[in-house]
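Contents: one structure, followed by commentary.
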Amino acid sequence: MPKRTHKWKELPSSLPFAHRAFVLRLRELREVSDRTQAEIAQDVYLAATSLSNHLNGGRIPETEHVEKLYKILRDEATATSRAMPCSLPLLLELRAKALVKHCGCCPVGSPGATVADPDTQPTAAGSPAPQHVRRRPRRPRVRISTRHRGIPRAPAQAEVPVPLREGDRHLNTPADAAWPEIRTLAESLSAGRSRDADIMMWSAATTLSARDVQIFVAQCRTAGLEKAADQVITNAARRDAQAVLNIASALHNSEQYTDVGLLLAAAAEGEQV
């Protein structure tokens with residue numbers, strides 16, 4: 001029986017990169033089965049509307065539902081001699097990254113995210129509730145004897161700037177901009193999981209903001225993933241003209257002039273095709 005494909009809804013542009021990567025992997029997993037979504041949802045003990053919500057970038061499913069869904073589709077794939085698109089550990093890792101929150105103003109799954117402080121309780125307006133700060137008691141002032149007032153302090157040692165080595169490439173990127181996705185991308189490439197790497201690079205190029213694309217490309221080059229950086233730029237060139245100009249401006253501001261040329265050349269070539 002030929003494999004049936006599904007026509008998926010376009011994911012919202014505001015969906016964070018990590019959440020988008022998880023949803024795309026869930027969709028690939030669902031393609032293994034020819035059954036209806038309602039039948040699959042019943043086996044996972046989910047409402048059909050809940051499963052549809054998970055597959056369209058809504059609420060992230062619980063771990064036990066992900067594991068149950070994977071087991072059911074794996075058994076069905078074995079019966080129909082179909083290959084599974086990913087492993088369960090990778091799927092759970094993508095889910096964990098999609099749940100990470102950057103800060104109070106950023107959505108869940110933002111790149112470069114860190115786990116929010118669990119002790120901070122949001123107010124009704126969405127901002128963290130003010131915390132009571134205990135003031136330390138003021139210590140009594142101690143008068144210094146006049147005998148020690150004339151002792152001069154040792155002058156602070158001036159720092160000598162160390163010149164950068166000639167030929168170094170200096171990218172105007174924040175020092176804390178390293179994303180865990182870069183490590184995952186490097187692991188996928190080294191392990192030969194080209195499909196996983198292609199999904200990550202396409203998602204980064206087509207969904208991230210101009211500034212985040214610039215950071216992603218810079219971090220790829222810093223990690224030695226030159227081909228991956230070129231691929232992200234080539235994919236980003238397929239976006240609309242305004243998005244390409246915004247990305248080119250972000251690259252130019254970070255002095256990544258070679259990347260600007262590669263982006264504009266790829267965009268011009270795409271218009272001629």
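So you can find residues: chains in the structure tokens are A, B, ... in the order shown, residues in each start at 1, and ligands are numbered from 1 in order.
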Margin query: Can you tell me which residues surround Val244 of chain A at a distance of at most 10 Å, considering only C-alpha atoms, apart from same-chain residues fewer than 3 positions away, and format the answer as a list in words?
Written below: Ala210, Ile233, Ala236, Ala237, Arg238, Arg239, Asp240, Ala241, Ile247, Ala248, Ser249, Ala250, Val260, Leu263, Leu264 and Ala267 of chain A
Can you check which parts of segment 17-60 of chain A lie within 10 Å of segment 193-201 of chain A? Per residue, the shortest pair of atoms and distance in Å to one decimal, counting only C-alpha atoms, sorted by chain and number, as JSON lines.
```
{"residue": "A:Phe17", "atom": "CA", "partner": "A:Met200", "partner_atom": "CA", "distance": 8.7}
{"residue": "A:Ala18", "atom": "CA", "partner": "A:Met200", "partner_atom": "CA", "distance": 9.0}
{"residue": "A:Arg20", "atom": "CA", "partner": "A:Met200", "partner_atom": "CA", "distance": 9.4}
{"residue": "A:Ala21", "atom": "CA", "partner": "A:Met200", "partner_atom": "CA", "distance": 6.7}
{"residue": "A:Leu24", "atom": "CA", "partner": "A:Ile199", "partner_atom": "CA", "distance": 8.2}
{"residue": "A:Arg25", "atom": "CA", "partner": "A:Ile199", "partner_atom": "CA", "distance": 8.8}
```
Dump as a PDB file, in the first residue's frame, selection limited to C-alpha atoms:
```pdb
ATOM      1  CA  PHE A  17      12.961  27.774  16.799  1.00  0.00           C
ATOM      2  CA  ALA A  18      13.251  24.953  19.369  1.00  0.00           C
ATOM      3  CA  ARG A  20       9.298  24.417  15.676  1.00  0.00           C
ATOM      4  CA  ALA A  21      12.020  21.760  15.414  1.00  0.00           C
ATOM      5  CA  LEU A  24       8.420  19.161  12.621  1.00  0.00           C
ATOM      6  CA  ARG A  25       9.843  15.967  14.095  1.00  0.00           C
TER       7      ARG A  25
END
```
Write out as an mmCIF file with N, CA, C and O atoms, in the first residue's frame the residues lying within 9 Å of segment 82-98 of chain A, counting only C-alpha atoms and excluding same-chain residues fewer than 3 positions away.
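Final output, result01.cif:
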```
data_model
loop_
_atom_site.group_PDB
_atom_site.id
_atom_site.type_symbol
_atom_site.label_atom_id
_atom_site.label_comp_id
_atom_site.auth_asym_id
_atom_site.auth_seq_id
_atom_site.Cartn_x
_atom_site.Cartn_y
_atom_site.Cartn_z
ATOM 1 N N PRO A 16 8.775 29.712 18.361
ATOM 2 C CA PRO A 16 10.225 29.686 18.589
ATOM 3 C C PRO A 16 10.899 28.549 17.838
ATOM 4 O O PRO A 16 10.277 27.530 17.511
ATOM 5 N N PHE A 17 12.194 28.734 17.601
ATOM 6 C CA PHE A 17 12.961 27.774 16.799
ATOM 7 C C PHE A 17 12.943 26.377 17.407
ATOM 8 O O PHE A 17 12.715 25.385 16.723
ATOM 9 N N ALA A 18 13.179 26.266 18.725
ATOM 10 C CA ALA A 18 13.251 24.953 19.369
ATOM 11 C C ALA A 18 11.899 24.244 19.314
ATOM 12 O O ALA A 18 11.826 23.031 19.069
ATOM 13 N N HIS A 19 10.807 24.996 19.546
ATOM 14 C CA HIS A 19 9.465 24.398 19.481
ATOM 15 C C HIS A 19 9.149 23.962 18.062
ATOM 16 O O HIS A 19 8.566 22.897 17.830
ATOM 17 N N ARG A 20 9.544 24.762 17.084
ATOM 18 C CA ARG A 20 9.298 24.417 15.676
ATOM 19 C C ARG A 20 10.014 23.124 15.297
ATOM 20 O O ARG A 20 9.448 22.263 14.610
ATOM 21 N N ALA A 21 11.267 22.978 15.736
ATOM 22 C CA ALA A 21 12.020 21.760 15.414
ATOM 23 C C ALA A 21 11.342 20.525 16.011
ATOM 24 O O ALA A 21 11.296 19.465 15.387
ATOM 25 N N PHE A 22 10.801 20.667 17.219
ATOM 26 C CA PHE A 22 10.097 19.541 17.867
ATOM 27 C C PHE A 22 8.826 19.185 17.106
ATOM 28 O O PHE A 22 8.542 18.009 16.865
ATOM 29 N N VAL A 23 8.056 20.192 16.706
ATOM 30 C CA VAL A 23 6.797 19.940 15.986
ATOM 31 C C VAL A 23 7.076 19.293 14.632
ATOM 32 O O VAL A 23 6.369 18.361 14.222
ATOM 33 N N ARG A 25 9.486 17.368 13.858
ATOM 34 C CA ARG A 25 9.843 15.967 14.095
ATOM 35 C C ARG A 25 8.602 15.143 14.443
ATOM 36 O O ARG A 25 8.462 13.995 13.998
ATOM 37 N N LEU A 26 7.677 15.719 15.220
ATOM 38 C CA LEU A 26 6.429 15.018 15.523
ATOM 39 C C LEU A 26 5.635 14.736 14.249
ATOM 40 O O LEU A 26 5.041 13.662 14.090
ATOM 41 N N GLU A 28 6.812 14.327 11.210
ATOM 42 C CA GLU A 28 7.467 13.243 10.475
ATOM 43 C C GLU A 28 7.116 11.892 11.096
ATOM 44 O O GLU A 28 6.925 10.898 10.392
ATOM 45 N N LEU A 29 7.049 11.884 12.425
ATOM 46 C CA LEU A 29 6.705 10.649 13.126
ATOM 47 C C LEU A 29 5.272 10.227 12.818
ATOM 48 O O LEU A 29 4.980 9.048 12.601
ATOM 49 N N VAL A 32 4.354 8.153 9.641
ATOM 50 C CA VAL A 32 4.610 6.708 9.588
ATOM 51 C C VAL A 32 3.302 5.932 9.489
ATOM 52 O O VAL A 32 3.241 4.861 8.882
ATOM 53 N N ILE A 60 2.802 21.923 24.206
ATOM 54 C CA ILE A 60 3.777 20.830 24.106
ATOM 55 C C ILE A 60 3.264 19.635 24.904
ATOM 56 O O ILE A 60 2.883 19.788 26.069
ATOM 57 N N PRO A 61 3.235 18.432 24.327
ATOM 58 C CA PRO A 61 2.670 17.269 25.025
ATOM 59 C C PRO A 61 3.529 16.823 26.203
ATOM 60 O O PRO A 61 4.719 17.129 26.283
ATOM 61 N N THR A 63 5.542 14.139 28.666
ATOM 62 C CA THR A 63 6.545 13.124 28.320
ATOM 63 C C THR A 63 5.908 11.765 28.094
ATOM 64 O O THR A 63 6.242 11.050 27.134
ATOM 65 N N VAL A 66 4.336 11.541 24.709
ATOM 66 C CA VAL A 66 5.329 11.418 23.643
ATOM 67 C C VAL A 66 5.849 9.990 23.563
ATOM 68 O O VAL A 66 5.976 9.414 22.478
ATOM 69 N N GLU A 67 6.142 9.410 24.718
ATOM 70 C CA GLU A 67 6.663 8.034 24.743
ATOM 71 C C GLU A 67 5.610 7.044 24.231
ATOM 72 O O GLU A 67 5.935 6.104 23.495
ATOM 73 N N TYR A 70 5.256 7.422 20.438
ATOM 74 C CA TYR A 70 6.407 6.849 19.733
ATOM 75 C C TYR A 70 6.307 5.325 19.694
ATOM 76 O O TYR A 70 6.555 4.710 18.656
ATOM 77 N N LYS A 71 5.944 4.704 20.819
ATOM 78 C CA LYS A 71 5.863 3.235 20.874
ATOM 79 C C LYS A 71 4.802 2.714 19.907
ATOM 80 O O LYS A 71 5.033 1.730 19.189
ATOM 81 N N LEU A 73 3.574 4.174 17.157
ATOM 82 C CA LEU A 73 3.977 4.369 15.761
ATOM 83 C C LEU A 73 5.176 3.493 15.391
ATOM 84 O O LEU A 73 5.309 3.077 14.240
ATOM 85 N N ARG A 74 6.036 3.195 16.359
ATOM 86 C CA ARG A 74 7.165 2.294 16.085
ATOM 87 C C ARG A 74 6.664 0.892 15.787
ATOM 88 O O ARG A 74 7.153 0.232 14.855
ATOM 89 N N GLU A 76 3.753 0.107 14.609
ATOM 90 C CA GLU A 76 3.081 0.144 13.313
ATOM 91 C C GLU A 76 4.085 0.207 12.170
ATOM 92 O O GLU A 76 3.887 -0.412 11.112
ATOM 93 N N ALA A 77 5.196 0.940 12.375
ATOM 94 C CA ALA A 77 6.229 1.021 11.345
ATOM 95 C C ALA A 77 6.899 -0.335 11.143
ATOM 96 O O ALA A 77 7.218 -0.727 10.010
ATOM 97 N N THR A 78 7.093 -1.075 12.232
ATOM 98 C CA THR A 78 7.685 -2.408 12.116
ATOM 99 C C THR A 78 6.771 -3.345 11.332
ATOM 100 O O THR A 78 7.236 -4.135 10.506
ATOM 101 N N ALA A 79 5.466 -3.231 11.575
ATOM 102 C CA ALA A 79 4.512 -4.099 10.881
ATOM 103 C C ALA A 79 4.427 -3.783 9.396
ATOM 104 O O ALA A 79 4.156 -4.668 8.579
ATOM 105 N N LYS A 101 12.631 28.275 28.682
ATOM 106 C CA LYS A 101 12.151 29.647 28.579
ATOM 107 C C LYS A 101 13.318 30.582 28.813
ATOM 108 O O LYS A 101 14.115 30.399 29.728
ATOM 109 N N VAL A 108 8.294 30.514 25.178
ATOM 110 C CA VAL A 108 8.960 29.248 25.457
ATOM 111 C C VAL A 108 9.670 28.775 24.210
ATOM 112 O O VAL A 108 9.151 28.881 23.111
ATOM 113 N N GLY A 109 10.893 28.202 24.372
ATOM 114 C CA GLY A 109 11.626 27.671 23.244
ATOM 115 C C GLY A 109 12.508 28.659 22.547
ATOM 116 O O GLY A 109 13.007 28.391 21.471
ATOM 117 N N SER A 110 12.741 29.851 23.104
ATOM 118 C CA SER A 110 13.607 30.828 22.460
ATOM 119 C C SER A 110 15.037 30.317 22.410
ATOM 120 O O SER A 110 15.492 29.636 23.322
ATOM 121 N N PRO A 111 15.821 30.609 21.321
ATOM 122 C CA PRO A 111 17.201 30.175 21.249
ATOM 123 C C PRO A 111 18.043 30.834 22.315
ATOM 124 O O PRO A 111 17.827 31.954 22.704
ATOM 125 N N ALA A 113 18.138 29.873 25.319
ATOM 126 C CA ALA A 113 17.292 30.019 26.487
ATOM 127 C C ALA A 113 17.911 29.406 27.716
ATOM 128 O O ALA A 113 18.731 28.514 27.667
ATOM 129 N N PRO A 180 22.693 26.078 22.477
ATOM 130 C CA PRO A 180 22.871 24.623 22.538
ATOM 131 C C PRO A 180 22.537 23.953 21.219
ATOM 132 O O PRO A 180 22.989 22.844 20.958
ATOM 133 N N GLU A 181 21.738 24.620 20.360
ATOM 134 C CA GLU A 181 21.405 24.041 19.062
ATOM 135 C C GLU A 181 22.644 23.844 18.193
ATOM 136 O O GLU A 181 22.681 22.943 17.352
ATOM 137 N N ARG A 195 19.677 14.292 7.807
ATOM 138 C CA ARG A 195 18.277 14.737 7.781
ATOM 139 C C ARG A 195 17.991 15.634 8.985
ATOM 140 O O ARG A 195 17.340 16.670 8.864
ATOM 141 N N ASP A 196 18.483 15.226 10.171
ATOM 142 C CA ASP A 196 18.298 16.047 11.371
ATOM 143 C C ASP A 196 18.973 17.406 11.199
ATOM 144 O O ASP A 196 18.422 18.447 11.557
#
```
Item checked: Nearby residues (only C-alpha atoms) at most 9 Å from Val232 of chain A, same-chain spacing under 5 positions excluded, as a ChimeraX atom specification -> /A:201-206,213,216-217,227,237
N, CA and C atoms of the current selection, written as a PDB file, in the first residue's frame:
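Output below, filename again14.pdb:
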```pdb
ATOM      1  N   MET A 201      18.971  23.398  10.124  1.00  0.00           N
ATOM      2  CA  MET A 201      19.482  24.527   9.337  1.00  0.00           C
ATOM      3  C   MET A 201      18.350  25.231   8.585  1.00  0.00           C
ATOM      4  N   TRP A 202      17.401  24.470   8.044  1.00  0.00           N
ATOM      5  CA  TRP A 202      16.281  25.089   7.339  1.00  0.00           C
ATOM      6  C   TRP A 202      15.406  25.887   8.305  1.00  0.00           C
ATOM      7  N   SER A 203      15.153  25.312   9.478  1.00  0.00           N
ATOM      8  CA  SER A 203      14.320  25.990  10.469  1.00  0.00           C
ATOM      9  C   SER A 203      14.964  27.282  10.927  1.00  0.00           C
ATOM     10  N   ALA A 204      16.283  27.245  11.160  1.00  0.00           N
ATOM     11  CA  ALA A 204      16.990  28.443  11.611  1.00  0.00           C
ATOM     12  C   ALA A 204      16.957  29.532  10.548  1.00  0.00           C
ATOM     13  N   ALA A 205      17.130  29.137   9.296  1.00  0.00           N
ATOM     14  CA  ALA A 205      17.206  30.119   8.214  1.00  0.00           C
ATOM     15  C   ALA A 205      15.864  30.747   7.891  1.00  0.00           C
ATOM     16  N   THR A 206      14.784  29.999   8.053  1.00  0.00           N
ATOM     17  CA  THR A 206      13.479  30.478   7.590  1.00  0.00           C
ATOM     18  C   THR A 206      12.565  30.995   8.694  1.00  0.00           C
ATOM     19  N   VAL A 213      19.551  35.003  12.994  1.00  0.00           N
ATOM     20  CA  VAL A 213      20.223  34.318  11.876  1.00  0.00           C
ATOM     21  C   VAL A 213      21.702  34.692  11.857  1.00  0.00           C
ATOM     22  N   PHE A 216      23.388  32.820  14.635  1.00  0.00           N
ATOM     23  CA  PHE A 216      23.476  31.392  14.314  1.00  0.00           C
ATOM     24  C   PHE A 216      24.621  31.135  13.337  1.00  0.00           C
ATOM     25  N   VAL A 217      24.723  31.968  12.298  1.00  0.00           N
ATOM     26  CA  VAL A 217      25.798  31.810  11.312  1.00  0.00           C
ATOM     27  C   VAL A 217      27.161  32.042  11.966  1.00  0.00           C
ATOM     28  N   LYS A 227      30.455  24.746   6.338  1.00  0.00           N
ATOM     29  CA  LYS A 227      29.454  24.342   5.346  1.00  0.00           C
ATOM     30  C   LYS A 227      28.043  24.558   5.883  1.00  0.00           C
ATOM     31  N   ALA A 237      18.337  32.977   1.939  1.00  0.00           N
ATOM     32  CA  ALA A 237      18.172  33.772   0.713  1.00  0.00           C
ATOM     33  C   ALA A 237      16.844  33.501   0.026  1.00  0.00           C
TER      34      ALA A 237
END
```
Note to self: Measuring between only C-alpha atoms, which one of A:Asn253, A:Thr207, A:Asn246, A:Ser13 shows the shortest distance to Asn56 of chain A?
What the structure shows: A:Ser13
